[in-house]
Each structure stands twice: as structure tokens, then as C-alpha cells.
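> Right, I'll just put the structure down here and ask away after.
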Amino acid sequence: MTQNRARTVFLLAHTGRPAAIRSAELVVKGLLRSGIGVRVLEEEACDLPLPGERGGPGGVELVKEATPQSLDGCELLIVLGGDGTLLRGAEFARASGVPMLGVNLGSVGFLAEAERDDIDRVVDRVVARSYEVEERMTIDVVVHRNGDIVHTDWALNEAAVQKVSAEKMLEVVLEIDGRPVTAFGCDGIVLSTPTGSTAYAFSAGGPVVWPEVEALLMVPISAHALFAKPLVTSPDSVLAVEVLPHVPPGVLWCDGRRTIELPPGARVEVRRGGVPVRLARLHHASFTDRLVAKFALPTTGWRGARDHSSE
């Protein structure tokens, strides 16, 4: 118990969800019983039942702002919520280097490691330090205008170049490794990581890519063209989308959370990110099993691989 008293876990929850409030209460109580301190945002603490001594070792500590520095000294970031909350947590996890453990309270939640019914197991595994950490590839995003860099960003899932006007298409030229590929009108282009292949890129018709595969994806959205197939490139490639001059502007979304307008002539470059997001894993379930469970895929009739051991 003495060893645990120096430990601190940051808790981030979507307090607009009743399920998140109840789950947060269970997490806090479970960690405090084991002498592990819990740190939460003041703005969320108002909605959460927080037992324990405030500010002391093995108690609840409140912080005013959600910054990377607010995770200093924390061994883990536990996030309770849907995909939006998990992506919000990923921002802090990446900037601080603290591993994120997501508990899904939404619909799909590919970034989550556990579901709402697993709260007790999550607490037990955290207390026992029975988890592993894996790194997920990110992308760095740079926006150019007239040769000047006007914006830099990053994404865990995707950077999406989209049209602004519903009645007019976005006119773009696609480029890979400094060479033009094709030009067409479309609703947008998704530039994705393998992690993001099950998010926006999947909805746009892109392939599902296993997270351990290192690659970049370029997926057109409703392109008016004969050749507008999803492309998978080397993780060392540089992908670019140029918004043609003299056409309506576009907009860039990074993980659906951060946005900037793209005027005609803007150029968006995407390359492998320099800083990964670290995710805490509780079990070794294959991505195949996760895919089947998340999308409720039918597997009736499967009889398993043939056993050749007796031959």
C-alpha cells in the first residue's frame, strides 16, 4: 500500500453523460481504496461525486486547466466517454507522453480498451499495474499558402480536406512524394493513419488497416472521377492535397476537433508524425476480434483453421 500512495492517475470524463458520471464514481472510489491519487479538472469535478481527501496523497486533486503540464506526475490517463472524448484525451496523452486508457461509453469506440461494464476490471488492472503500453502512429499536418506555412497541426485518426459549400464541389490535385497523381472534383479527401482507417476513412470507403501496419491512407470522398480509389502508401511518404485556384474554398479538419479554412490555392501536406500517442492495453485480444465485436460482424459457419498437428 505504501508503494501505491505515490501513484496518481488523471481522470477525464464526458460529464454530460450520466453513464460517465457513474463510471467516474466507480473509478475514483476503486483507486482511492488502493491509495492511488486521482486528478481531475475543476470544471468536471462539479458534476462528479468525488470522495476522499482533496489535495492529499491518495486523495482527489483538482486542476484548473487541461494542459499537458496538468498530467505531470501521472502514470496513466483514464478517459471515459465516446470517440470525441477519447480523441480529446489523445491530445493530452500525446503532448504529455502519458499513456491513455479509454473506456467506451459511446457506440463504437475503437480507441477504447474497455467497455462500461468492465469498470471494476479496469480498476483492478490499473492498481496491479497489469497493463501494457503500445504506441500509435500519428500524422503531422502543414498548410501552405503562396509558399508560406500558415498552419501546423497533427492527428491520430485523420486530416480531412472538405468542401465548405453544399452545392459546389471541392476541386483538388492529389500528390504523393512530390509527384502529381490525379485531379478531380469531390466532397473531400481523408488523409488517415491506420488507427483512423476505422473512422472517417472507413465511412468514405477506405480499407481497414490493422494498427500494427505502418502506412498512410488517402481516401477520396464522393469524387467525380473515373480514378478515385483509396490509396495506401509507405509511412515515409508525403501526401499532399492542393485546392485549385479560382474555386470555392475548403476546410481542414484534424480528428474532427480542430479546423482551419483553406482558401483557393492552399496546399495541405501530411507526413508521419514525430510524436506518437501511447495507449494502455489490458489484454492481448487480436484486432480481428476487436473488429468483429465493434461492427457486430457475422461469423456463423466458421469452423476454425484445420489442425495439422496430427499429420
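By order of appearance in the C-alpha cells: chains A, B, ..., then residues from 1 within every chain, and ligands from 1 in the order shown.
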Find the residues near Ala45 of chain A: any atom within 12 Å, counting only C-alpha atoms, skip ones fewer than 3 places away on the same chain, and give them as a PyMOL selection string.
chain A and resi 11-15+21+24-25+28+38-42+48-51+54+60-64
> Would you pick out the contacts of Val268 of chain A at 6 Å or less, using only C-alpha atoms, so that residues sharing its chain but fewer than 6 positions from it are not included, and give the list as an mmCIF file with C-alpha atoms, in the first residue's frame?

```cif
data_model
loop_
_atom_site.group_PDB
_atom_site.id
_atom_site.type_symbol
_atom_site.label_atom_id
_atom_site.label_comp_id
_atom_site.auth_asym_id
_atom_site.auth_seq_id
_atom_site.Cartn_x
_atom_site.Cartn_y
_atom_site.Cartn_z
ATOM 1 C CA VAL A 142 1.205 21.534 -42.562
ATOM 2 C CA VAL A 143 -0.881 24.058 -44.507
ATOM 3 C CA ALA A 240 -0.405 16.491 -50.366
ATOM 4 C CA VAL A 241 -3.741 17.951 -51.400
#
```
> Would you pick out the contacts of segment 77-91 of chain A at 9 Å or less, using only C-alpha atoms, so that residues sharing its chain but fewer than 2 positions from it are not included, and give the list as a PyMOL selection string?
chain A and resi 9-15+17+19-21+23-24+68+71+74-75+93-96+98-112+116+155-157+255-257+277-280
> With N, CA and C atoms retained, write the just-selected residues as a compact mmCIF listing (two decimals), in the first residue's frame.

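Just written: selection10.txt:
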```txt
# COMPACT_ATOMS: atom_id res chain seq x y z
N VAL A 9 -3.33 8.99 -10.96
CA VAL A 9 -3.98 8.74 -12.24
C VAL A 9 -4.86 9.95 -12.57
N PHE A 10 -4.78 10.42 -13.81
CA PHE A 10 -5.64 11.52 -14.26
C PHE A 10 -6.91 10.93 -14.84
N LEU A 11 -8.06 11.49 -14.45
CA LEU A 11 -9.35 11.00 -14.94
C LEU A 11 -10.02 12.10 -15.76
N LEU A 12 -10.37 11.75 -17.01
CA LEU A 12 -11.06 12.66 -17.92
C LEU A 12 -12.37 12.01 -18.32
N ALA A 13 -13.49 12.70 -18.11
CA ALA A 13 -14.80 12.09 -18.36
C ALA A 13 -15.70 13.05 -19.10
N HIS A 14 -16.60 12.49 -19.91
CA HIS A 14 -17.64 13.26 -20.57
C HIS A 14 -18.79 13.39 -19.56
N THR A 15 -18.75 14.45 -18.76
CA THR A 15 -19.71 14.56 -17.66
C THR A 15 -21.13 14.86 -18.14
N ARG A 17 -22.69 12.85 -19.92
CA ARG A 17 -23.31 11.54 -19.99
C ARG A 17 -23.53 11.00 -18.58
N ALA A 19 -23.89 7.99 -17.75
CA ALA A 19 -23.07 6.79 -17.62
C ALA A 19 -21.64 7.15 -17.24
N ALA A 20 -21.17 8.28 -17.74
CA ALA A 20 -19.80 8.70 -17.42
C ALA A 20 -19.69 9.11 -15.96
N ILE A 21 -20.71 9.75 -15.44
CA ILE A 21 -20.68 10.17 -14.04
C ILE A 21 -20.64 8.95 -13.12
N SER A 23 -19.67 5.89 -13.96
CA SER A 23 -18.41 5.18 -14.17
C SER A 23 -17.26 5.90 -13.48
N ALA A 24 -17.26 7.24 -13.54
CA ALA A 24 -16.20 8.00 -12.88
C ALA A 24 -16.23 7.78 -11.38
N PRO A 68 -0.95 19.85 -21.02
CA PRO A 68 -0.02 18.73 -20.83
C PRO A 68 0.64 18.73 -19.46
N LEU A 71 -0.82 16.87 -16.40
CA LEU A 71 -0.62 15.43 -16.25
C LEU A 71 0.75 15.10 -15.66
N CYS A 74 1.61 11.97 -13.41
CA CYS A 74 0.57 10.92 -13.56
C CYS A 74 1.14 9.74 -14.35
N GLU A 75 0.80 8.55 -13.92
CA GLU A 75 1.27 7.37 -14.64
C GLU A 75 0.31 6.95 -15.74
N ALA A 93 -2.66 13.03 -24.03
CA ALA A 93 -1.74 11.90 -23.97
C ALA A 93 -0.52 12.13 -24.86
N ARG A 94 -0.76 12.63 -26.06
CA ARG A 94 0.35 12.87 -26.98
C ARG A 94 1.28 13.95 -26.46
N ALA A 95 0.71 15.05 -26.00
CA ALA A 95 1.54 16.18 -25.57
C ALA A 95 2.32 15.87 -24.30
N SER A 96 1.76 15.02 -23.44
CA SER A 96 2.40 14.74 -22.15
C SER A 96 3.23 13.47 -22.16
N VAL A 98 1.93 10.64 -21.47
CA VAL A 98 1.27 9.74 -20.53
C VAL A 98 0.37 8.77 -21.30
N PRO A 99 0.42 7.47 -21.03
CA PRO A 99 -0.45 6.52 -21.73
C PRO A 99 -1.92 6.78 -21.42
N MET A 100 -2.77 6.57 -22.43
CA MET A 100 -4.21 6.76 -22.27
C MET A 100 -4.91 5.41 -22.26
N LEU A 101 -5.80 5.24 -21.29
CA LEU A 101 -6.63 4.04 -21.22
C LEU A 101 -8.08 4.49 -21.39
N GLY A 102 -8.69 4.10 -22.50
CA GLY A 102 -10.03 4.55 -22.81
C GLY A 102 -11.08 3.53 -22.42
N VAL A 103 -12.17 4.02 -21.83
CA VAL A 103 -13.34 3.21 -21.53
C VAL A 103 -14.49 3.74 -22.38
N ASN A 104 -15.01 2.93 -23.26
CA ASN A 104 -16.00 3.36 -24.24
C ASN A 104 -17.39 3.48 -23.62
N LEU A 105 -17.96 4.66 -23.73
CA LEU A 105 -19.34 4.89 -23.30
C LEU A 105 -20.20 5.30 -24.49
N GLY A 106 -19.63 5.19 -25.69
CA GLY A 106 -20.34 5.58 -26.90
C GLY A 106 -20.79 4.37 -27.69
N SER A 107 -20.77 4.52 -29.03
CA SER A 107 -21.29 3.45 -29.88
C SER A 107 -20.21 2.47 -30.34
N VAL A 108 -19.14 2.95 -30.94
CA VAL A 108 -18.10 2.05 -31.48
C VAL A 108 -16.87 2.07 -30.60
N GLY A 109 -16.14 3.18 -30.60
CA GLY A 109 -15.01 3.33 -29.68
C GLY A 109 -13.83 2.43 -29.95
N PHE A 110 -13.26 2.51 -31.17
CA PHE A 110 -12.10 1.68 -31.48
C PHE A 110 -10.87 2.06 -30.65
N LEU A 111 -10.81 3.30 -30.17
CA LEU A 111 -9.66 3.71 -29.36
C LEU A 111 -9.75 3.20 -27.93
N ALA A 112 -10.94 2.78 -27.53
CA ALA A 112 -11.14 2.35 -26.15
C ALA A 112 -10.62 0.94 -25.94
N ARG A 116 -18.13 -0.06 -20.69
CA ARG A 116 -18.61 0.46 -19.40
C ARG A 116 -18.84 -0.64 -18.37
N ALA A 155 -2.74 14.78 -36.13
CA ALA A 155 -3.95 13.98 -35.95
C ALA A 155 -3.57 12.55 -35.61
N LEU A 156 -4.40 11.93 -34.81
CA LEU A 156 -4.27 10.50 -34.52
C LEU A 156 -5.05 9.68 -35.54
N ASN A 157 -6.24 10.14 -35.88
CA ASN A 157 -7.08 9.44 -36.86
C ASN A 157 -6.85 9.95 -38.27
N ASP A 255 -8.86 15.30 -36.86
CA ASP A 255 -9.57 14.45 -35.89
C ASP A 255 -10.96 14.97 -35.57
N GLY A 256 -11.54 15.76 -36.48
CA GLY A 256 -12.87 16.28 -36.25
C GLY A 256 -12.96 17.26 -35.10
N ARG A 257 -11.82 17.75 -34.60
CA ARG A 257 -11.80 18.62 -33.42
C ARG A 257 -11.21 20.00 -33.70
N VAL A 277 0.95 8.62 -30.08
CA VAL A 277 0.05 8.56 -28.92
C VAL A 277 0.23 7.21 -28.27
N ARG A 278 0.42 7.19 -26.95
CA ARG A 278 0.64 5.95 -26.22
C ARG A 278 -0.68 5.47 -25.62
N LEU A 279 -1.04 4.23 -25.93
CA LEU A 279 -2.30 3.65 -25.44
C LEU A 279 -2.00 2.51 -24.48
N ALA A 280 -2.70 2.49 -23.37
CA ALA A 280 -2.57 1.39 -22.41
C ALA A 280 -3.48 0.25 -22.83
```
> Would you work out the distance separating atom CA of Thr233 of chain A from atom CA of Met218 of chain A, expressed in Å to one decimal?
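For atom CA of Thr233 of chain A relative to atom CA of Met218 of chain A, the distance reads 8.1 Å.
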> Do you know which residues are at most 10 Å from Asp148 of chain A counting only C-alpha atoms, after dropping those on the same chain fewer than 4 positions away, and could you put them as a ChimeraX atom specification?
/A:143-144,266-267
> Could you pull the residues within 12 Å of His284 of chain A, counting only C-alpha atoms, minus those fewer than 4 positions along the same chain, as a list in words?
Glu113, Ser130, Tyr131, Glu132, Val133, Glu134, Ala280, Thr288, Asp289 and Arg290 of chain A
> Identify, on the basis of only C-alpha atoms, every residue whose closest approach to Leu291 of chain A does not exceed 10 Å; exclude the query and any residue fewer than 5 positions from it along the same chain; express the result as a ChimeraX atom specification.
/A:108,110,198,208,210,286,296-297
> Excluding Arg121 of chain A and its own-chain neighbours fewer than 4 positions away, which residues fall within 12 Å of it when counting only C-alpha atoms? Please give them as a PDB file with C-alpha atoms, in the first residue's frame.

```pdb
ATOM      1  CA  LEU A  26     -16.637   3.777  -9.526  1.00  0.00           C
ATOM      2  CA  VAL A  27     -13.151   4.508 -10.874  1.00  0.00           C
ATOM      3  CA  GLY A  30     -11.743   1.982  -6.567  1.00  0.00           C
ATOM      4  CA  LEU A  31      -8.457   3.856  -6.974  1.00  0.00           C
ATOM      5  CA  VAL A 103     -13.345   3.205 -21.533  1.00  0.00           C
ATOM      6  CA  GLU A 113      -9.661  -0.617 -24.356  1.00  0.00           C
ATOM      7  CA  ALA A 114     -12.710  -1.466 -22.266  1.00  0.00           C
ATOM      8  CA  GLU A 115     -16.486  -1.069 -22.155  1.00  0.00           C
ATOM      9  CA  ARG A 116     -18.613   0.459 -19.404  1.00  0.00           C
ATOM     10  CA  ASP A 117     -19.342  -2.975 -17.878  1.00  0.00           C
ATOM     11  CA  ARG A 125      -5.664  -3.924 -13.596  1.00  0.00           C
ATOM     12  CA  VAL A 126      -4.560  -0.334 -13.019  1.00  0.00           C
ATOM     13  CA  VAL A 127      -3.971  -0.987  -9.309  1.00  0.00           C
ATOM     14  CA  ALA A 128      -1.925  -4.082 -10.150  1.00  0.00           C
ATOM     15  CA  ARG A 129      -0.091  -2.257 -12.955  1.00  0.00           C
ATOM     16  CA  SER A 130      -1.273  -5.107 -15.148  1.00  0.00           C
ATOM     17  CA  TYR A 131      -1.301  -3.312 -18.474  1.00  0.00           C
ATOM     18  CA  LEU A 282      -5.286  -4.552 -20.744  1.00  0.00           C
ATOM     19  CA  HIS A 283      -5.351  -7.704 -22.848  1.00  0.00           C
TER      20      HIS A 283
END
```
> So how far away is atom CA of Val232 of chain A from atom CA of Pro207 of chain A, in Å?
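These two atoms are separated by 8.7 Å.
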> Return the single residue from A:Ser203, A:Thr299, A:Thr152, A:Ser222 that is closest to Met169 of chain A, with distances computed using only C-alpha atoms.
A:Ser222
